[in-house]
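Engineer: Handing you a structure now.
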2 protein chains.
Amino acid sequence: MPNTLSDNAIARLSVYRRVLTEMHRDSRTSVRSDDLAAAAGVTASQVRRDLMLVRALGTNKGYDTADLLGAIEKLMDPPEPQEVALVGVGNIGTAVLSYFAGRRPMLDITVAFDNDPAVIGRTLHGCPCLPVTDLAEVVAGRNIRAAIIAVPADAAQKVAEALVSAGVRGIMNFAPVRLRAPRSVYVENVDLTGSLEKAAFFARQRSQKEQGQTGYAY
Amino acid sequence: MPNTLSDNAIARLSVYRRVLTEMHRDSRTSVRSDDLAAAAGVTASQVRRDLMLVRALGTNKGYDTADLLGAIEKLMDPPEPQEVALVGVGNIGTAVLSYFAGRRPMLDITVAFDNDPAVIGRTLHGCPCLPVTDLAEVVAGRNIRAAIIAVPADAAQKVAEALVSAGVRGIMNFAPVRLRAPRSVYVENVDLTGSLEKAAFFARQRSQKEQGQTGYAY
């Protein structure tokens, strides 16, 4: 095991994993650092440094795709299935449950919380929905360390604080607010509005450029 | 209008916009570059350079929150509502329709495409669902430049190519694959699996560190 794994290294390993999964699915048996670099948008020497973290050694023909994928999975995946809690079972929360059901067997959304009586008590995509008032007890009692926040913006900070108090140290946050959390907690923001805003902005800028309608300099 | 707007500058302006929207909602009338810098995780001098892009000038008391928000919106938002197409009306696509309905009046998902007969012909959250075979004609005919891809991984590349052929230049991609697209097309990847993987990984790493169970060096 490496001594340190920075946020950025893990982010890149996650991208390599995705690319390797596709290559493996397409029955490609070997891969060169250049190919991974191009697919991930980093330099080949960065790829080689990162792959030393997983103790992967290439030959002059490159790396064995299946071996490399296995090594990254071994590093990134928990040794046994890891429980994840979901807070907020609205549209985004429900989509998240459906999306992750069966996708990553080692990451298992085993419990969801909401304050809507129409949702509490139901089981969605195999996941029971409990009242949010049970959150602290259940999360702490089961030793759950990772959670997904999919509640409205004005409720997110309080939910984050409750999760952290209960022992959560990694949060995937869909609420369109910047959470305040101790440095010991990792927050991964998924900013859907910002992402669409950016795609739409560049779509306009690039179309205008093609049509020669602006004075943008490139 | 500035002469150039890089992807990174727009990404940061999008974050400032989110932070300013929260501050404005909390009735905060002025903001300093340091506050924005802390909230966005960049330096105060970076904030000041970015805000010159929107011609915002601060005083020694900082910037007026509403003015600054208005200036960023004026730069980022289209002059009239911009149409966005959605391809794939499964769980993620439906959640996206619900999430964006009314959230950004200037970004309007006006048409969705799918190949599922159970979905085609329906109107979801105000958006009509058409057969994917109509995509090229509708997107090109209406001059739609921005699109969201929410189809399974193995269908995404073909959908992206059809969208680009029809004139789309900005794509928000939920499919867990890296799309190949011309440089003239902006692709914003939303990697849900990678994000949860990262949150879960760091949750484990940090919990283990607290419990002193590993040899991780920090």
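In the structure tokens, chains take letters A, B, ... by order of appearance, with residues numbered from 1 within each chain and ligands from 1 in the order shown.
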Need to verify the contact set: region 10-17 of chain A, 7 Å, only C-alpha atoms, exclusion of same-chain residues closer than 6 positions in sequence. Can you return it as a list in words?
Structural biologist: Leu36, Ala40, Leu69 and Ile72 of chain A; Gly194 and Lys198 of chain B
Engineer: Counting only C-alpha atoms, collect the residues of chain B whose closest atom lies at most 7 Å from chain A, and write them out as a VMD selection string.
Structural biologist: chain B and resid 3 to 4 10 to 11 14 76 91 to 92 95 98 145 to 146 168 to 172 184 186 to 188 194 to 196 198 to 204 206 to 207 215 to 218
Engineer: What does the file look like for those residues with N, CA and C atoms, as an mmCIF file, in the first residue's frame?
Structural biologist:
data_model
loop_
_atom_site.group_PDB
_atom_site.id
_atom_site.type_symbol
_atom_site.label_atom_id
_atom_site.label_comp_id
_atom_site.auth_asym_id
_atom_site.auth_seq_id
_atom_site.Cartn_x
_atom_site.Cartn_y
_atom_site.Cartn_z
ATOM 1 N N ASN B 3 -12.586 39.667 -24.121
ATOM 2 C CA ASN B 3 -12.201 39.033 -25.375
ATOM 3 C C ASN B 3 -12.131 37.517 -25.266
ATOM 4 N N THR B 4 -11.709 37.037 -24.142
ATOM 5 C CA THR B 4 -11.593 35.589 -23.997
ATOM 6 C C THR B 4 -12.200 35.145 -22.679
ATOM 7 N N ILE B 10 -14.858 30.393 -16.566
ATOM 8 C CA ILE B 10 -16.304 30.199 -16.493
ATOM 9 C C ILE B 10 -16.661 29.265 -15.329
ATOM 10 N N ALA B 11 -15.854 28.242 -15.128
ATOM 11 C CA ALA B 11 -16.110 27.331 -14.008
ATOM 12 C C ALA B 11 -16.073 28.099 -12.690
ATOM 13 N N SER B 14 -19.036 30.402 -12.261
ATOM 14 C CA SER B 14 -20.213 29.608 -11.907
ATOM 15 C C SER B 14 -20.243 29.332 -10.394
ATOM 16 N N MET B 76 -23.075 35.268 -18.015
ATOM 17 C CA MET B 76 -23.213 33.825 -18.223
ATOM 18 C C MET B 76 -24.527 33.426 -18.879
ATOM 19 N N ASN B 91 -33.996 6.899 -15.512
ATOM 20 C CA ASN B 91 -34.024 7.473 -14.164
ATOM 21 C C ASN B 91 -33.264 8.782 -14.067
ATOM 22 N N ILE B 92 -32.053 8.801 -14.630
ATOM 23 C CA ILE B 92 -31.254 10.023 -14.550
ATOM 24 C C ILE B 92 -31.921 11.130 -15.374
ATOM 25 N N ALA B 95 -34.918 12.530 -13.616
ATOM 26 C CA ALA B 95 -34.505 13.350 -12.473
ATOM 27 C C ALA B 95 -33.985 14.703 -12.944
ATOM 28 N N SER B 98 -36.902 16.936 -13.862
ATOM 29 C CA SER B 98 -37.560 17.436 -12.662
ATOM 30 C C SER B 98 -36.704 18.494 -11.974
ATOM 31 N N ARG B 145 -28.231 24.123 -29.540
ATOM 32 C CA ARG B 145 -26.767 24.054 -29.457
ATOM 33 C C ARG B 145 -26.256 23.327 -28.226
ATOM 34 N N ALA B 146 -27.142 23.093 -27.238
ATOM 35 C CA ALA B 146 -26.708 22.469 -25.988
ATOM 36 C C ALA B 146 -27.558 21.237 -25.723
ATOM 37 N N VAL B 168 -25.011 20.647 -32.242
ATOM 38 C CA VAL B 168 -24.769 20.845 -30.808
ATOM 39 C C VAL B 168 -23.276 21.096 -30.547
ATOM 40 N N ARG B 169 -22.976 22.078 -29.702
ATOM 41 C CA ARG B 169 -21.582 22.424 -29.413
ATOM 42 C C ARG B 169 -21.248 22.381 -27.928
ATOM 43 N N GLY B 170 -22.243 22.076 -27.081
ATOM 44 C CA GLY B 170 -21.988 21.930 -25.650
ATOM 45 C C GLY B 170 -22.795 20.760 -25.127
ATOM 46 N N ILE B 171 -22.121 19.809 -24.449
ATOM 47 C CA ILE B 171 -22.792 18.582 -23.996
ATOM 48 C C ILE B 171 -22.528 18.372 -22.511
ATOM 49 N N MET B 172 -23.580 18.105 -21.764
ATOM 50 C CA MET B 172 -23.443 17.642 -20.382
ATOM 51 C C MET B 172 -23.665 16.132 -20.427
ATOM 52 N N SER B 184 -14.083 21.515 -31.191
ATOM 53 C CA SER B 184 -15.047 22.616 -31.237
ATOM 54 C C SER B 184 -16.260 22.354 -30.344
ATOM 55 N N TYR B 186 -17.704 21.416 -26.518
ATOM 56 C CA TYR B 186 -17.375 21.373 -25.093
ATOM 57 C C TYR B 186 -18.151 20.240 -24.440
ATOM 58 N N VAL B 187 -17.445 19.360 -23.727
ATOM 59 C CA VAL B 187 -18.109 18.251 -23.037
ATOM 60 C C VAL B 187 -17.879 18.383 -21.538
ATOM 61 N N GLU B 188 -18.953 18.438 -20.783
ATOM 62 C CA GLU B 188 -18.886 18.500 -19.318
ATOM 63 C C GLU B 188 -19.329 17.132 -18.796
ATOM 64 N N GLY B 194 -17.746 7.766 -10.221
ATOM 65 C CA GLY B 194 -16.439 8.223 -9.759
ATOM 66 C C GLY B 194 -16.568 9.108 -8.524
ATOM 67 N N SER B 195 -17.595 9.956 -8.496
ATOM 68 C CA SER B 195 -17.765 10.852 -7.351
ATOM 69 C C SER B 195 -18.084 10.078 -6.079
ATOM 70 N N LEU B 196 -18.963 9.079 -6.191
ATOM 71 C CA LEU B 196 -19.296 8.294 -4.995
ATOM 72 C C LEU B 196 -18.094 7.458 -4.552
ATOM 73 N N LYS B 198 -14.969 8.200 -4.885
ATOM 74 C CA LYS B 198 -14.018 9.063 -4.196
ATOM 75 C C LYS B 198 -14.478 9.367 -2.779
ATOM 76 N N ALA B 199 -15.762 9.741 -2.628
ATOM 77 C CA ALA B 199 -16.279 10.056 -1.295
ATOM 78 C C ALA B 199 -16.135 8.850 -0.376
ATOM 79 N N ALA B 200 -16.428 7.650 -0.901
ATOM 80 C CA ALA B 200 -16.356 6.437 -0.082
ATOM 81 C C ALA B 200 -14.906 6.099 0.269
ATOM 82 N N PHE B 201 -14.013 6.282 -0.714
ATOM 83 C CA PHE B 201 -12.601 5.982 -0.463
ATOM 84 C C PHE B 201 -12.048 6.874 0.651
ATOM 85 N N PHE B 202 -12.281 8.178 0.533
ATOM 86 C CA PHE B 202 -11.733 9.089 1.533
ATOM 87 C C PHE B 202 -12.408 8.898 2.884
ATOM 88 N N ALA B 203 -13.679 8.524 2.866
ATOM 89 C CA ALA B 203 -14.365 8.230 4.128
ATOM 90 C C ALA B 203 -13.640 7.101 4.857
ATOM 91 N N ARG B 204 -13.284 6.052 4.126
ATOM 92 C CA ARG B 204 -12.554 4.933 4.749
ATOM 93 C C ARG B 204 -11.192 5.376 5.231
ATOM 94 N N ARG B 206 -10.032 8.286 5.979
ATOM 95 C CA ARG B 206 -10.042 9.222 7.103
ATOM 96 C C ARG B 206 -10.511 8.568 8.402
ATOM 97 N N SER B 207 -11.460 7.663 8.297
ATOM 98 C CA SER B 207 -11.895 6.959 9.502
ATOM 99 C C SER B 207 -10.761 6.109 10.051
ATOM 100 N N GLY B 215 -0.940 2.682 8.266
ATOM 101 C CA GLY B 215 0.343 3.351 8.201
ATOM 102 C C GLY B 215 0.332 4.531 7.244
ATOM 103 N N TYR B 216 -0.866 5.027 6.870
ATOM 104 C CA TYR B 216 -0.912 6.166 5.968
ATOM 105 C C TYR B 216 -0.142 7.346 6.553
ATOM 106 N N ALA B 217 0.690 7.953 5.755
ATOM 107 C CA ALA B 217 1.383 9.167 6.183
ATOM 108 C C ALA B 217 0.677 10.365 5.582
ATOM 109 N N TYR B 218 0.523 11.427 6.370
ATOM 110 C CA TYR B 218 -0.156 12.618 5.837
ATOM 111 C C TYR B 218 0.744 13.847 5.929
#
Engineer: Write out as JSON, numbers by chain each polymer residue whose atoms come within 10 Å of Ser165 (chain B), counting only C-alpha atoms; drop sequence neighbours fewer than 6 positions from it.
Structural biologist: {"B": [136, 139, 140, 159]}
Engineer: Could you write out that same residue set with C-alpha atoms as a PDB file, in the first residue's frame?
Structural biologist:
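Saved result, part_34.pdb, follows:
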ATOM      1  CA  ALA B 136     -31.265  15.084 -36.120  1.00  0.00           C
ATOM      2  CA  VAL B 139     -32.161  19.618 -33.113  1.00  0.00           C
ATOM      3  CA  ALA B 140     -30.919  21.037 -36.412  1.00  0.00           C
ATOM      4  CA  VAL B 159     -25.783   9.881 -29.560  1.00  0.00           C
TER       5      VAL B 159
END
Engineer: Have a look at CA of Asp67 (chain A) and CA of Lys158 (chain B) and let me know their distance in Å, one decimal.
Structural biologist: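 A separation of 29.2 Å between them.
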Engineer: Just list the residues in region 4-189 of chain A DSSP gives helix (DSSP H, G or I) on the backbone, as a VMD selection string.
Structural biologist: chain A and resid 7 to 25 33 to 40 44 to 53 65 to 76 91 to 100 132 to 142 153 to 165
Engineer: Determine, counting only C-alpha atoms, which protein, DNA and RNA residues have an atom within 8 Å of an atom of region 118-134 of chain A; residues of the same chain fewer than 6 positions away are not included. Present the result as a VMD selection string.
Structural biologist: chain A and resid 87 89 94 97 to 98 101 109 to 112
